[in-house]
Each structure stands twice: as structure tokens, then as C-alpha cells.
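Visitor: One structure, as C-alpha cells, below. Some questions next.
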Amino acid sequence: MTFSQIPGPLGQACRSNYMEARALFLKTAQSIACDIDHYQNEAVSGINGEALFCDVARLGPDSASRKILLSSGVHGVEAYCGSAMQILIMQNLIPRIDFEDLQIIFVHILNPYGCSHYTRNNENNIDLNRNFVDFSGVATAAPELSQFREETYPSDWSGSDLKQVLKHIGHYISAHGPEKFQTLMTQGQYVWPQDPYFGGLAESWSNQVWADICRKHCAPEVNLVHLDFHTGLGPRGACELIYTGSPTHFQRAKNTFVSGRLIAPGAEGSSTPSISGPLCCGLLSVNPDALCVALEFGTIPIEDMLGTLIEANWLHNNPNCCAEERLRIQHNTLKAFFIPEANWLDQVWDMSETYFMDALHSLNKNR
């Protein structure tokens with residue numbers, strides 16, 4: 001089943017491979033007369049040898065003092081949801097908007113390699129939401145993280161036996177619980193390039209693209225709201241509204257997103273742990289007053305998600321495994337981050353529309 005066959009009108013915005021998702025986004029953006037910029041990652045190609053791009057569509061004057069920035073695909077495979085939401089916003093909400101002194105910016109698939117190859121990370125196993133840090137110092141790991149790695153991961157992922165890797169990690173989770181495993185695994189690390197949640201040793205291509213977008217369109221004087229689409233954490237179909245901007249503006253963000261409960265990563269009740277080097281850091285370095293929010297849509301139980309992430313990490317380090325194993329892992333990864341069912345998609349679109357309109361109404365009040 002392709003995503004476009006999901007029953008109901010929302011399914012028509014969904015695609016299950018990078019080339020089709022990009023083509024539909026560009027067609028939709030052109031149909032509403034967006035200005036479009038293209039950033040090509042010339043260092044790598046897609047799963048079928050295709051060229052890989054991050055596309056940026058803008059509607060409204062570049063000189064606008066009020067802007068909404070919508071980004072998808074920071075975690076590559078999560079783009080299949082984020083891309084659909086961007087397309088649905090173009091199709092259903094843009095026609096109602098007065099663009100006087102307002103601009104909407106769509107950053108489509110910031111990590112095209114991960115989207116095309118059905119993985120969260122980029123071509124260098126970098127988690128882009130851990131890559132926005134200062135790389136001038138020497139990378140070190142906390143003793144707790146070093147011990148965790150020694151207890152859970154293979155010393156060399158390349159050539160490791162996947163069943164043994166999962167068995168070893170399962171023993172750790174049985175002893176310490178999935179919450180501790182998730183916290184230690186996902187916080188971000190800059191020492192072991194083979195391991196999950198590797199933040200990189202330098203700024204990635206996507207980091208540089210994001211910096212260029214922010215410099216061109218997100219000047220400090222702009223009243224800016226940023227919505228970043230994610231999937232994979234939390235109860236199925238639920239949306240966790242995660243504030244990632246400056247703590248100084250948390251109350252202003254709460255006053256903006258009046259339709260939901262805004263929460264900070266790592267706070268009580270959040271399914272998202274506190275992390276280092278998220279995407280918002282790149283934006284805040286240009287516009288410190290921007291309101292940055294991630295929309296995290298739940299899919300599968302956390303225990304299943306952790307196993308999926310480990311398998312995807314193993315595949316990155318063992319790209320020459322048998323075709324059957326590779327396809328199985330890629331298929332399972334896609335299913336973990338996008339549920340091709342109408343009821344799930346309805347919930348995701350309902351919350352995406354709601355929070356987009358919250359942002360728009362807030363900007364309109366502050367004209």
C-alpha cells in the first residue's frame with residue numbers, strides 16, 4: 001500500500017518515497033506561486049541514485065516583519081509526515097491568509113539522505129538534532145555515558161551480529177528499564193561515530209543549509225514562529241507540543257499556543273528527553289527572540305521504537321548485509337515513524353492545523 005492510497009482526502013498529500021514526496025511538494029508550492037530555492041547535497045545520492053535536495057518555498061514578501069517557518073525532515077524518515085503536513089497547509093490554509101507584512105517559509109526535508117534511505121540520521125550517521133553545537137573544543141563523554149556504552153553496545157558495530165546486539169541491549173533494558181536506556185541513548189554524544197544519536201564532529205551539510213536559510217530569511221528584527229514536525233515519541237496519534245526556544249520566551253510561547261499544553265524537553269510528563277545541539281540553536285543564533293516549537297506525533301510504543309532505532313543504526317554500519325535484511329529494516333523504520341491509517345493521519349492533521357493557526361493568530365494580534 002502506498003501512502004496516497006490512505007482512505008480520505010488527507011491521504012492524497014502523503015507519499016512513501018523521497019522522489020514522489022519532493023515532486024508533490026514542488027508541484028503544490030508552484031501552484032500557489034511560491035518562490036522556491038533548492039539546496040543540493042552533491043556528496044551523496046538517494047536510495048535509487050537520485051539527486052538529493054532540501055527545498056525552501058516562500059510565500060509572502062521577504063521584507064515581512066512577521067514570519068512562520070515550517071520545517072520537515074530534520075530526522076530524515078520523519079519527513080513523510082512533515083512533508084504531508086506542509087502540503088496540506090499549502091492546500092487548505094494558505095488560501096485563507098492575508099499576506100500583508102507576513103511570510104510563510106516551508107523548509108522541505110532538511111535531511112534528504114535520511115528521508116530517501118528510510119533512516120533518521122544523515123549519510124554520516126549524524127543525528128541533526130544533536131549537530132548544532134560548538135565544535136571548537138575537544139569532544140569528551142561523561143563517565144556515565146562511557147559506562148553505558150560499554151554495557152550495551154558492541155565495540156565495533158561493523159560486522160556485529162544483530163540478534164546478539166538486540167539481546168545484549170534487551171538485558172540492559174530488563175535490568176534498568178526503558179526510560180533510563182532512552183535517556184542515556186538519546187541525549188547526544190560526540191565521541192563514537194558508529195553509535196546511535198551521534199552529534200557529529202563538525203557541522204553537517206544540513207547544518208550549513210539551515211544556517212544559510214536563517215541568515216537570509218530570519219533576521220533578528222523579524223517576529224518569527226518556528227514549527228518543526230517530528231514523529232515517533234508519545235502515545236499513538238497524540239501531539240506533544242515541545243518548546244525548544246529560549247527560556248526567556250517560554251511564557252510568550254504559552255500565550256501563543258493556547259490550544260495545547262506547551263512542555264519543555266525533559267520536563268515531567270514529556271516523552272522527549274533533554275538533548276544537546278537541537279535545530280533551534282541554529283535559528284536562535286540568528287534570531288534569539290524566535291519562538292521555536294517542535295510538534296512530536298506519537299506512533300508506536302517506546303520499547304518497539306528503541307528496537308527499531310537500534311536496527312537502523314546497525315544497518316548504517318552494515319550496509320552490505322543481505323538485501324532481505326536491509327529491506328526489512330527500512331520498511332520497519334518507515335512504519336515506526338508514519339502510520340498509514342486514516343484515523344492517525346486525521347489526528348496529526350487536526351493538531352498541525354490547530355497549532356499553525358495558533359501561530360498565525362498570535363502574529364496577527366501583534367501587527
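Each chain in the C-alpha cells gets a letter, A, B and so on, in the order shown; residues start at 1 in every chain, and ligands are counted from 1 in the order they appear.
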Tell me, as number ranges by chain, which residues lie within 7 Å of A:Leu52, counting only C-alpha atoms; anything in the same chain fewer than 5 positions away does not count.
Guide: A: 40-41, 45-46, 112-113
Visitor: Name all residues at most 9 Å from A:Ala290 (count only C-alpha atoms; drop same-chain ones fewer than 4 positions away) and give them as number ranges by chain.
Guide: A: 218, 220, 222-226, 245-246, 249, 283-284
Visitor: Output N, CA and C atoms of each residue in that selection to a file, as a JSON list (two decimals), in the first residue's frame.
Guide:
```
[["chain", "number", "residue", "atom", "x", "y", "z"],
["A", 218, "CYS", "N", 15.52, 35.06, 8.41],
["A", 218, "CYS", "CA", 15.09, 35.08, 9.82],
["A", 218, "CYS", "C", 15.86, 36.13, 10.61],
["A", 220, "PRO", "N", 17.06, 39.21, 13.02],
["A", 220, "PRO", "CA", 16.70, 39.40, 14.43],
["A", 220, "PRO", "C", 15.45, 40.24, 14.65],
["A", 222, "VAL", "N", 12.75, 40.23, 12.92],
["A", 222, "VAL", "CA", 11.53, 39.55, 12.48],
["A", 222, "VAL", "C", 10.83, 38.89, 13.66],
["A", 223, "ASN", "N", 9.53, 39.10, 13.75],
["A", 223, "ASN", "CA", 8.70, 38.39, 14.73],
["A", 223, "ASN", "C", 8.41, 37.01, 14.15],
["A", 224, "LEU", "N", 9.10, 35.99, 14.66],
["A", 224, "LEU", "CA", 9.16, 34.69, 13.99],
["A", 224, "LEU", "C", 8.66, 33.56, 14.89],
["A", 225, "VAL", "N", 7.85, 32.68, 14.31],
["A", 225, "VAL", "CA", 7.43, 31.45, 14.98],
["A", 225, "VAL", "C", 7.88, 30.28, 14.11],
["A", 226, "HIS", "N", 8.55, 29.32, 14.74],
["A", 226, "HIS", "CA", 9.08, 28.16, 14.03],
["A", 226, "HIS", "C", 8.37, 26.90, 14.51],
["A", 245, "GLY", "N", 12.78, 26.84, 22.32],
["A", 245, "GLY", "CA", 13.41, 28.15, 22.22],
["A", 245, "GLY", "C", 14.04, 28.61, 23.51],
["A", 246, "SER", "N", 14.33, 29.91, 23.59],
["A", 246, "SER", "CA", 14.95, 30.49, 24.77],
["A", 246, "SER", "C", 13.98, 30.44, 25.95],
["A", 249, "HIS", "N", 11.48, 33.28, 26.71],
["A", 249, "HIS", "CA", 10.23, 33.50, 25.98],
["A", 249, "HIS", "C", 9.23, 32.35, 26.15],
["A", 283, "LEU", "N", 18.80, 28.51, 14.62],
["A", 283, "LEU", "CA", 17.91, 29.65, 14.40],
["A", 283, "LEU", "C", 18.11, 30.72, 15.46],
["A", 284, "LEU", "N", 18.23, 30.31, 16.71],
["A", 284, "LEU", "CA", 18.37, 31.27, 17.81],
["A", 284, "LEU", "C", 19.67, 32.04, 17.74]]
```
Visitor: So that I can check the surroundings of stretch 15-17 of chain A, please list as a list in words every protein, DNA and RNA residue that reaches within 6 Å of it, counting only C-alpha atoms and ignoring chain neighbours fewer than 2 positions away.
Guide: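 The residues that qualify are Phe3, Ser4, Met19, Glu20 and Ala21 of chain A.
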Visitor: Between atom CA of A:Ile126 and atom CA of A:Trp349, what is the distance in Å, rounded to a tenth?
Guide: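 These two atoms are separated by 28.7 Å.
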Visitor: Which parts of stretch 125-326 of chain A does DSSP call alpha helix (DSSP H) when run on the backbone here, written out as a PyMOL selection string?
Guide: chain A and resi 143-152+162-176+178-186+205-217+250-256+280-284+302-317+323-326
Visitor: Please write the residues from the selection above to a file, keeping C-alpha atoms, as a JSON list (two decimals), in the first residue's frame.
Guide:
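Printed below is out.json as written:
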```json
[["chain", "number", "residue", "atom", "x", "y", "z"],
["A", 143, "PRO", "CA", 31.71, 8.72, 32.65],
["A", 144, "GLU", "CA", 28.09, 7.56, 32.91],
["A", 145, "LEU", "CA", 27.76, 7.56, 29.13],
["A", 146, "SER", "CA", 31.03, 5.70, 28.66],
["A", 147, "GLN", "CA", 29.91, 3.04, 31.10],
["A", 148, "PHE", "CA", 26.52, 2.81, 29.41],
["A", 149, "ARG", "CA", 28.18, 2.25, 26.05],
["A", 150, "GLU", "CA", 30.44, -0.45, 27.44],
["A", 151, "GLU", "CA", 27.45, -2.26, 28.94],
["A", 152, "THR", "CA", 25.16, -2.07, 25.92],
["A", 162, "LEU", "CA", 22.20, -8.02, 15.03],
["A", 163, "LYS", "CA", 20.47, -10.66, 17.13],
["A", 164, "GLN", "CA", 23.27, -10.56, 19.69],
["A", 165, "VAL", "CA", 23.21, -6.77, 19.74],
["A", 166, "LEU", "CA", 19.47, -6.73, 20.44],
["A", 167, "LYS", "CA", 19.81, -9.47, 23.05],
["A", 168, "HIS", "CA", 22.55, -7.57, 24.88],
["A", 169, "ILE", "CA", 20.55, -4.34, 24.86],
["A", 170, "GLY", "CA", 17.46, -6.24, 26.00],
["A", 171, "HIS", "CA", 19.33, -7.40, 29.09],
["A", 172, "TYR", "CA", 20.21, -3.79, 29.93],
["A", 173, "ILE", "CA", 16.60, -2.65, 29.48],
["A", 174, "SER", "CA", 15.34, -5.53, 31.65],
["A", 175, "ALA", "CA", 17.76, -4.53, 34.39],
["A", 176, "HIS", "CA", 17.40, -0.74, 34.25],
["A", 178, "PRO", "CA", 13.40, 1.51, 29.02],
["A", 179, "GLU", "CA", 13.28, 5.06, 30.42],
["A", 180, "LYS", "CA", 16.91, 5.01, 31.58],
["A", 181, "PHE", "CA", 18.02, 3.38, 28.35],
["A", 182, "GLN", "CA", 16.16, 6.02, 26.31],
["A", 183, "THR", "CA", 17.61, 8.89, 28.35],
["A", 184, "LEU", "CA", 21.20, 7.73, 28.04],
["A", 185, "MET", "CA", 20.92, 6.66, 24.42],
["A", 186, "THR", "CA", 19.22, 9.78, 23.09],
["A", 205, "TRP", "CA", 25.70, 19.80, 5.24],
["A", 206, "SER", "CA", 22.17, 20.22, 6.62],
["A", 207, "ASN", "CA", 23.52, 22.41, 9.43],
["A", 208, "GLN", "CA", 25.13, 24.69, 6.85],
["A", 209, "VAL", "CA", 21.95, 24.79, 4.75],
["A", 210, "TRP", "CA", 19.87, 25.68, 7.81],
["A", 211, "ALA", "CA", 22.33, 28.44, 8.72],
["A", 212, "ASP", "CA", 22.03, 29.92, 5.23],
["A", 213, "ILE", "CA", 18.22, 29.81, 5.37],
["A", 214, "CYS", "CA", 18.18, 31.51, 8.76],
["A", 215, "ARG", "CA", 20.64, 34.23, 7.70],
["A", 216, "LYS", "CA", 18.60, 35.03, 4.58],
["A", 217, "HIS", "CA", 15.08, 34.93, 5.99],
["A", 250, "PHE", "CA", 8.51, 30.41, 27.38],
["A", 251, "GLN", "CA", 5.53, 32.38, 28.70],
["A", 252, "ARG", "CA", 5.17, 34.21, 25.39],
["A", 253, "ALA", "CA", 5.13, 30.84, 23.65],
["A", 254, "LYS", "CA", 2.43, 29.58, 26.04],
["A", 255, "ASN", "CA", 0.37, 32.66, 25.20],
["A", 256, "THR", "CA", 0.86, 31.89, 21.50],
["A", 280, "CYS", "CA", 16.59, 25.56, 17.19],
["A", 281, "CYS", "CA", 20.12, 26.52, 18.28],
["A", 282, "GLY", "CA", 20.94, 27.38, 14.68],
["A", 283, "LEU", "CA", 17.91, 29.65, 14.40],
["A", 284, "LEU", "CA", 18.37, 31.27, 17.81],
["A", 302, "ILE", "CA", 8.68, 3.26, 23.14],
["A", 303, "GLU", "CA", 10.02, -0.28, 23.61],
["A", 304, "ASP", "CA", 9.32, -1.05, 19.95],
["A", 305, "MET", "CA", 10.75, 2.30, 18.86],
["A", 306, "LEU", "CA", 14.02, 1.68, 20.71],
["A", 307, "GLY", "CA", 14.42, -1.65, 18.93],
["A", 308, "THR", "CA", 13.71, -0.01, 15.58],
["A", 309, "LEU", "CA", 16.36, 2.64, 16.20],
["A", 310, "ILE", "CA", 18.96, 0.05, 17.14],
["A", 311, "GLU", "CA", 18.24, -1.95, 13.98],
["A", 312, "ALA", "CA", 18.51, 1.18, 11.83],
["A", 313, "ASN", "CA", 21.81, 2.06, 13.46],
["A", 314, "TRP", "CA", 23.10, -1.46, 12.83],
["A", 315, "LEU", "CA", 22.08, -1.20, 9.17],
["A", 316, "HIS", "CA", 24.02, 2.04, 8.72],
["A", 317, "ASN", "CA", 27.14, 0.27, 9.97],
["A", 323, "ALA", "CA", 19.02, -7.37, 0.67],
["A", 324, "GLU", "CA", 16.20, -9.06, 2.58],
["A", 325, "GLU", "CA", 17.50, -7.81, 5.93],
["A", 326, "ARG", "CA", 18.10, -4.31, 4.59]]
```
Visitor: So, with only C-alpha atoms as the atoms that count, which of A:Glu341, A:Glu240, A:Asp62, A:Glu78 lies closest to A:Ser116?
Guide: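 Closest to A:Ser116 of all the choices is A:Glu78.
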Visitor: Quick check, in Å to one decimal: how far apart do atom CA of A:Ser63 and atom CA of A:Ala23 lie?
Guide: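 Distance reported for this atom pair: 28.1 Å.
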Visitor: Might you pull out every residue within 12 Å of A:Gln12, with only C-alpha atoms counted and same-chain residues fewer than 2 positions away left off, and present them as a list in words?
Guide: Thr2, Phe3, Ser4, Gln5, Ile6, Pro7, Gly8, Pro9, Leu10, Cys14, Arg15, Ser16, Glu20, Ala21, Leu24, Phe25, Thr28, Ser83, Ala84, Met85, Ile87, Leu88, Gln91, Pro340, Ala342 and Leu345 of chain A
Visitor: Would you please work out which residue, of A:Ser285, A:Thr244, A:Asp161, A:Pro265, is nearest to A:Gln187 when using only C-alpha atoms?
Guide: A:Pro265
Visitor: Tell me which of A:Thr119, A:His38, A:Ala13, A:Gln347 sits closest to A:Asn332, counting only C-alpha atoms.
Guide: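 That would be A:Thr119, the residue with the smallest distance to A:Asn332.
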Visitor: Please provide the set of residues having any atom within 6 Å of A:Cys54, restricted to only C-alpha atoms, with same-chain residues fewer than 6 positions apart removed, written as a list in words.
Guide: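 Non-adjacent residues within range: Tyr39, His108, Ile109 and Leu110 of chain A.
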Visitor: List the neighbours of A:Pro95 out to 12 Å using only C-alpha atoms; skip same-chain residues closer than 3 positions along the sequence, and give me the result as a short mmCIF file (atom, residue, chain, number, x, y, z; two decimals) with N, CA and C atoms, in the first residue's frame.
Guide:
```
data_model
loop_
_atom_site.label_atom_id
_atom_site.label_comp_id
_atom_site.auth_asym_id
_atom_site.auth_seq_id
_atom_site.Cartn_x
_atom_site.Cartn_y
_atom_site.Cartn_z
N SER A 31 1.97 25.74 -7.47
CA SER A 31 0.55 26.03 -7.74
C SER A 31 0.05 27.23 -6.96
N ILE A 32 0.71 27.57 -5.87
CA ILE A 32 0.31 28.74 -5.07
C ILE A 32 1.31 29.87 -5.23
N ALA A 33 2.17 29.77 -6.24
CA ALA A 33 3.09 30.85 -6.62
C ALA A 33 4.16 31.15 -5.58
N LEU A 59 6.24 32.16 0.63
CA LEU A 59 5.05 32.85 0.14
C LEU A 59 4.84 34.09 0.99
N LEU A 88 -0.48 19.91 3.04
CA LEU A 88 -1.86 20.16 3.45
C LEU A 88 -2.07 21.60 3.88
N ILE A 89 -1.08 22.19 4.53
CA ILE A 89 -1.17 23.61 4.90
C ILE A 89 -1.24 24.46 3.64
N MET A 90 -0.41 24.15 2.66
CA MET A 90 -0.46 24.88 1.38
C MET A 90 -1.84 24.76 0.73
N GLN A 91 -2.38 23.56 0.73
CA GLN A 91 -3.63 23.30 0.02
C GLN A 91 -4.85 23.86 0.75
N ASN A 92 -4.85 23.80 2.08
CA ASN A 92 -6.07 24.09 2.83
C ASN A 92 -6.07 25.40 3.61
N ASP A 98 -4.18 36.42 4.81
CA ASP A 98 -3.81 37.75 4.33
C ASP A 98 -2.29 37.89 4.49
N PHE A 99 -1.58 38.04 3.37
CA PHE A 99 -0.12 38.05 3.41
C PHE A 99 0.47 39.46 3.50
#
```
Visitor: Name the residues in contact with A:Glu296 at a cut-off of 8 Å, using only C-alpha atoms, excluding same-chain residues fewer than 5 positions from it; report them as a ChimeraX atom specification.
Guide: /A:229-234,239-242
Visitor: Can you measure atom CA of A:Glu50 to atom CA of A:Cys115 for me? One decimal in Å is fine.
Guide: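 Those two atoms sit 12.1 Å apart.
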